[in-house]
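S.K.: Here you go, this is query.cif (mmCIF, C-alpha atoms).
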data_data
loop_
_atom_site.group_PDB
_atom_site.id
_atom_site.type_symbol
_atom_site.label_atom_id
_atom_site.label_comp_id
_atom_site.auth_asym_id
_atom_site.auth_seq_id
_atom_site.Cartn_x
_atom_site.Cartn_y
_atom_site.Cartn_z
ATOM 1 C CA MET A 1 104.023 160.181 -86.273
ATOM 2 C CA THR A 2 103.985 161.670 -82.790
ATOM 3 C CA ASP A 3 107.742 161.124 -82.545
ATOM 4 C CA HIS A 4 108.216 163.699 -85.286
ATOM 5 C CA CYS A 5 105.859 166.344 -83.840
ATOM 6 C CA THR A 6 108.346 168.641 -82.175
ATOM 7 C CA PRO A 7 107.862 172.089 -80.612
ATOM 8 C CA GLU A 8 109.694 173.575 -83.624
ATOM 9 C CA LEU A 9 107.047 172.106 -85.942
ATOM 10 C CA PHE A 10 104.182 173.620 -83.960
ATOM 11 C CA LYS A 11 105.993 176.954 -83.762
ATOM 12 C CA ALA A 12 106.528 176.927 -87.540
ATOM 13 C CA ILE A 13 102.849 176.157 -88.145
ATOM 14 C CA ASP A 14 101.803 179.010 -85.830
ATOM 15 C CA ASN A 15 104.151 181.447 -87.593
ATOM 16 C CA LEU A 16 102.870 180.479 -91.023
ATOM 17 C CA GLU A 17 99.259 180.627 -89.867
ATOM 18 C CA ARG A 18 99.825 184.141 -88.558
ATOM 19 C CA ARG A 19 101.438 185.294 -91.828
ATOM 20 C CA TYR A 20 99.056 183.491 -94.251
ATOM 21 C CA PRO A 21 95.648 183.243 -92.534
ATOM 22 C CA ASN A 22 93.637 182.816 -95.749
ATOM 23 C CA VAL A 23 95.465 179.621 -96.664
ATOM 24 C CA PHE A 24 94.833 178.069 -93.267
ATOM 25 C CA ASN A 25 91.197 179.199 -93.026
ATOM 26 C CA GLY A 26 90.339 177.676 -96.384
ATOM 27 C CA ARG A 27 89.254 180.990 -97.926
ATOM 28 C CA ASP A 28 92.089 180.911 -100.422
ATOM 29 C CA THR A 29 92.226 178.407 -103.264
ATOM 30 C CA TYR A 30 96.018 178.359 -103.043
ATOM 31 C CA LYS A 31 97.990 175.772 -101.140
ATOM 32 C CA LEU A 32 100.749 176.606 -98.712
ATOM 33 C CA GLU A 33 103.358 175.607 -101.320
ATOM 34 C CA ASP A 34 101.971 178.206 -103.755
ATOM 35 C CA VAL A 35 102.133 181.136 -101.332
ATOM 36 C CA VAL A 36 105.177 180.623 -99.107
ATOM 37 C CA PRO A 37 108.684 181.059 -100.545
ATOM 38 C CA PRO A 38 110.560 177.734 -100.563
ATOM 39 C CA LEU A 39 113.494 179.071 -98.546
ATOM 40 C CA ASP A 40 111.321 180.282 -95.666
ATOM 41 C CA PRO A 41 112.712 178.628 -92.487
ATOM 42 C CA ASP A 42 109.257 177.824 -91.093
ATOM 43 C CA PHE A 43 108.185 176.252 -94.353
ATOM 44 C CA ARG A 44 111.392 174.170 -94.456
ATOM 45 C CA VAL A 45 110.520 172.691 -91.047
ATOM 46 C CA ILE A 46 107.136 171.619 -92.411
ATOM 47 C CA LYS A 47 108.716 170.199 -95.580
ATOM 48 C CA ASP A 48 111.191 168.199 -93.507
ATOM 49 C CA PHE A 49 108.299 166.849 -91.434
ATOM 50 C CA ARG A 50 106.416 165.839 -94.600
ATOM 51 C CA ASP A 51 109.511 164.086 -95.976
ATOM 52 C CA VAL A 52 109.942 162.078 -92.777
ATOM 53 C CA ILE A 53 106.275 161.056 -92.802
ATOM 54 C CA ARG A 54 106.432 160.126 -96.499
ATOM 55 C CA GLU A 55 109.534 157.992 -95.843
ATOM 56 C CA ASN A 56 107.809 156.230 -92.942
ATOM 57 C CA ASP A 57 104.747 155.585 -95.122
ATOM 58 C CA TRP A 58 107.037 154.098 -97.757
ATOM 59 C CA LYS A 59 108.585 151.754 -95.181
ATOM 60 C CA LYS A 60 105.145 150.739 -93.908
ATOM 61 C CA TYR A 61 103.813 149.971 -97.375
ATOM 62 C CA HIS A 62 107.038 148.353 -98.484
ATOM 63 C CA SER A 63 106.865 145.789 -95.696
ATOM 64 C CA ASP A 64 103.172 145.107 -96.320
ATOM 65 C CA ARG A 65 102.649 141.928 -98.371
ATOM 66 C CA GLY A 66 98.955 142.760 -98.772
ATOM 67 C CA LEU A 67 99.844 145.832 -100.801
ATOM 68 C CA ALA A 68 102.114 143.791 -103.067
ATOM 69 C CA THR A 69 99.266 141.329 -103.601
ATOM 70 C CA GLU A 70 96.870 144.145 -104.498
ATOM 71 C CA ILE A 71 99.375 145.618 -106.953
ATOM 72 C CA ALA A 72 99.954 142.184 -108.510
ATOM 73 C CA SER A 73 96.208 141.801 -108.945
ATOM 74 C CA CYS A 74 96.027 145.170 -110.689
ATOM 75 C CA LEU A 75 99.002 144.339 -112.912
ATOM 76 C CA HIS A 76 97.264 141.136 -113.988
ATOM 77 C CA ARG A 77 94.368 143.314 -115.136
ATOM 78 C CA TYR A 78 96.856 145.339 -117.230
ATOM 79 C CA MET A 79 96.472 148.547 -115.250
ATOM 80 C CA GLY A 80 99.212 151.167 -115.389
ATOM 81 C CA ILE A 81 100.958 152.659 -112.366
ATOM 82 C CA HIS A 82 98.766 155.754 -112.305
ATOM 83 C CA GLU A 83 95.606 153.654 -112.653
ATOM 84 C CA ILE A 84 96.770 151.428 -109.783
ATOM 85 C CA ALA A 85 97.526 154.485 -107.642
ATOM 86 C CA GLU A 86 94.079 155.892 -108.329
ATOM 87 C CA TYR A 87 92.428 152.514 -107.659
ATOM 88 C CA LEU A 88 94.276 152.047 -104.346
ATOM 89 C CA ASP A 89 94.034 155.759 -103.472
ATOM 90 C CA MET A 90 97.795 156.093 -103.037
ATOM 91 C CA ASP A 91 100.660 158.076 -104.481
ATOM 92 C CA ALA A 92 102.012 156.798 -107.824
ATOM 93 C CA LYS A 93 105.581 157.174 -106.514
ATOM 94 C CA VAL A 94 104.874 154.735 -103.681
ATOM 95 C CA ILE A 95 103.377 152.243 -106.137
ATOM 96 C CA GLY A 96 106.408 152.620 -108.413
ATOM 97 C CA ASN A 97 108.797 152.105 -105.484
ATOM 98 C CA VAL A 98 106.981 148.957 -104.372
ATOM 99 C CA ILE A 99 107.090 147.557 -107.908
ATOM 100 C CA ARG A 100 110.798 148.339 -108.322
ATOM 101 C CA GLU A 101 111.765 146.905 -104.929
ATOM 102 C CA THR A 102 109.742 143.671 -105.149
ATOM 103 C CA PRO A 103 111.293 141.178 -107.597
ATOM 104 C CA GLU A 104 108.000 139.382 -108.340
ATOM 105 C CA LEU A 105 106.193 142.634 -109.119
ATOM 106 C CA LYS A 106 109.086 143.898 -111.220
ATOM 107 C CA LYS A 107 109.010 140.704 -113.272
ATOM 108 C CA LEU A 108 105.233 140.946 -113.652
ATOM 109 C CA ALA A 109 105.404 144.606 -114.716
ATOM 110 C CA ASN A 110 108.058 143.824 -117.334
ATOM 111 C CA LYS A 111 105.961 140.935 -118.647
ATOM 112 C CA ARG A 112 102.933 143.200 -118.836
ATOM 113 C CA ARG A 113 104.906 145.883 -120.644
ATOM 114 C CA THR A 114 106.165 143.482 -123.311
ATOM 115 C CA ALA A 115 102.885 141.563 -123.645
ATOM 116 C CA PHE A 116 101.006 144.633 -124.858
ATOM 117 C CA THR A 117 103.428 145.184 -127.750
ATOM 118 C CA ARG A 118 103.198 141.593 -128.957
ATOM 119 C CA VAL A 119 100.811 141.035 -131.873
ATOM 120 C CA VAL A 120 99.041 137.949 -133.211
ATOM 121 C CA VAL A 121 98.561 138.004 -136.976
ATOM 122 C CA TYR A 122 96.162 135.595 -138.687
ATOM 123 C CA ASP A 123 96.826 134.792 -142.336
ATOM 124 C CA ARG A 124 93.635 133.770 -144.143
ATOM 125 C CA LYS A 125 95.543 132.320 -147.080
ATOM 126 C CA THR A 126 97.590 129.825 -145.026
ATOM 127 C CA ASN A 127 95.171 129.578 -142.037
ATOM 128 C CA LYS A 128 98.050 130.149 -139.578
ATOM 129 C CA TYR A 129 98.573 132.408 -136.575
ATOM 130 C CA THR A 130 101.907 134.169 -136.132
ATOM 131 C CA ILE A 131 103.037 135.882 -132.922
ATOM 132 C CA LEU A 132 105.267 138.890 -133.573
ATOM 133 C CA GLN A 133 107.219 140.689 -130.837
ATOM 134 C CA THR A 134 106.823 144.312 -132.005
ATOM 135 C CA LEU A 135 104.247 146.441 -133.768
ATOM 136 C CA TYR A 136 106.822 147.306 -136.415
ATOM 137 C CA SER A 137 107.485 143.678 -137.369
ATOM 138 C CA ALA A 138 103.732 143.001 -137.497
ATOM 139 C CA ALA A 139 103.160 146.034 -139.715
ATOM 140 C CA HIS A 140 105.951 144.869 -141.998
ATOM 141 C CA LYS A 141 104.447 141.354 -142.203
ATOM 142 C CA VAL A 142 101.017 142.612 -143.276
ATOM 143 C CA GLY A 143 102.502 145.199 -145.637
ATOM 144 C CA LEU A 144 101.377 148.450 -144.025
ATOM 145 C CA ASN A 145 103.168 151.434 -142.574
ATOM 146 C CA MET A 146 102.962 151.967 -138.812
ATOM 147 C CA ALA A 147 100.330 154.718 -138.920
ATOM 148 C CA ASN A 148 97.883 152.617 -140.943
ATOM 149 C CA PHE A 149 98.639 149.486 -138.931
ATOM 150 C CA LYS A 150 97.904 151.263 -135.635
ATOM 151 C CA PHE A 151 94.387 151.945 -136.936
ATOM 152 C CA TYR A 152 93.758 148.200 -137.072
ATOM 153 C CA ILE A 153 95.680 147.193 -133.962
ATOM 154 C CA ASN A 154 94.063 149.730 -131.612
ATOM 155 C CA ASP A 155 90.591 148.349 -132.295
ATOM 156 C CA ARG A 156 90.116 145.349 -130.034
ATOM 157 C CA HIS A 157 87.332 143.752 -132.081
ATOM 158 C CA CYS A 158 88.369 144.788 -135.595
ATOM 159 C CA LYS A 159 86.070 143.349 -138.260
ATOM 160 C CA TYR A 160 88.191 144.438 -141.213
ATOM 161 C CA TRP A 161 90.583 142.264 -143.193
ATOM 162 C CA ILE A 162 93.946 143.891 -143.856
ATOM 163 C CA ASN A 163 94.806 143.680 -147.564
ATOM 164 C CA ASP A 164 91.897 141.200 -147.806
ATOM 165 C CA ARG A 165 94.145 138.576 -146.179
ATOM 166 C CA PHE A 166 95.340 139.377 -142.619
ATOM 167 C CA LYS A 167 93.766 140.057 -139.259
ATOM 168 C CA ALA A 168 95.850 141.440 -136.398
ATOM 169 C CA LYS A 169 95.194 141.653 -132.679
ATOM 170 C CA ARG A 170 97.296 142.421 -129.633
ATOM 171 C CA LYS A 171 98.464 139.250 -127.880
ATOM 172 C CA VAL A 172 96.932 140.400 -124.597
ATOM 173 C CA TRP A 173 93.501 140.782 -126.148
ATOM 174 C CA PHE A 174 93.890 137.568 -128.120
ATOM 175 C CA ASP A 175 94.493 135.652 -124.879
ATOM 176 C CA GLU A 176 91.623 137.357 -123.024
ATOM 177 C CA ASP A 177 89.127 136.936 -125.864
ATOM 178 C CA ASN A 178 90.274 133.378 -126.681
ATOM 179 C CA GLY A 179 90.956 134.164 -130.316
ATOM 180 C CA MET A 180 90.294 136.779 -132.945
#
Using structure tokens, write down the structure from this file.
M.R.:
Amino acid sequence: MTDHCTPELFKAIDNLERRYPNVFNGRDTYKLEDVVPPLDPDFRVIKDFRDVIRENDWKKYHSDRGLATEIASCLHRYMGIHEIAEYLDMDAKVIGNVIRETPELKKLANKRRTAFTRVVVYDRKTNKYTILQTLYSAAHKVGLNMANFKFYINDRHCKYWINDRFKAKRKVWFDEDNGM
């Protein structure tokens, strides 16, 4: 970080502090980005500095296998990117970049994305379980429209029988709960 701290950066900070003292003193609720015009030359120096730091953070996290392990652990718990970012106290863009650039994490995220749409339907008449790939095909199988079917499928521990014959549960929940 000290490699990027140039005299121009300090001069730009001094100029902005002189022009917008309330932002720097903490009296104002506005951030620097809200007050300063984007084409201001001093502000552009600060933005360039932030971009360089953000890029270096990305390289640091990208090469860190511990971060990939943490993200994989969160993906196994079916957390979304924003939930992972909040859990790890990081930027969601960095998490997304790590997932896209790591083949194992990309594969795991795709599996997670498709697993939540898969549905297990139990037929009481035939005593058989059927795994369907989409919510639409599951709704068609039980004979409901999508809006009514979503009522049943969004309840993890639904006690109701659909059409007095079927029970439906997301495949993810079926695996975690070891059955209906």
S.K.: Would you please work out which residue, of A:Lys128, A:Arg100, A:Lys111, A:His76, is nearest to A:Glu176 when using only C-alpha atoms?
M.R.: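 With only C-alpha atoms as the atom set, the closest residue is A:His76.
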S.K.: With a distance cut-off of 12 Å and only C-alpha atoms, select the neighbouring residues of A:Asp40, excluding the residue or stretch itself and same-chain residues fewer than 4 positions from it, and output the selection as a list in words.
M.R.: Ala12, Asn15, Leu16, Arg19, Leu32, Glu33, Val35, Val36, Arg44, Val45, Ile46 and Lys47 of chain A
S.K.: What is the atom CA of A:Asp175-atom CA of A:Leu67 distance in Å, reported with one decimal?
M.R.: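 It comes out at 26.7 Å.
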S.K.: Need the shell around stretch 153-170 of chain A: protein/DNA/RNA residues with any atom at most 9 Å away, counting all atoms listed in the file. Skip same-chain ones fewer than 4 positions apart. Format as a ChimeraX atom specification?
M.R.: /A:115-125,135,138,142-144,149,174-175,179-180
S.K.: Which one of A:Asp14, A:Asp177, A:Glu70, A:Glu8 sits closest to A:Ile84 if you count all atoms listed in the file?
M.R.: A:Glu70
S.K.: Would you work out the distance separating atom CA of A:Val52 from atom CA of A:Ile99, expressed in Å to one decimal?
M.R.: 21.2 Å
S.K.: Using the chain letters and numbers from the file, give me the residues hit by the PyMOL selection byres ((chain A and resi 101-106) around 9), as a VMD selection string.
M.R.: chain A and resid 62 68 to 69 71 to 72 75 96 to 100 107 to 111
S.K.: Please report the interatomic distance between atom CA of A:Leu132 and atom CA of A:Met79 in Å with one decimal.
M.R.: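 According to the coordinates, atom CA of A:Leu132 and atom CA of A:Met79 are separated by 22.5 Å.
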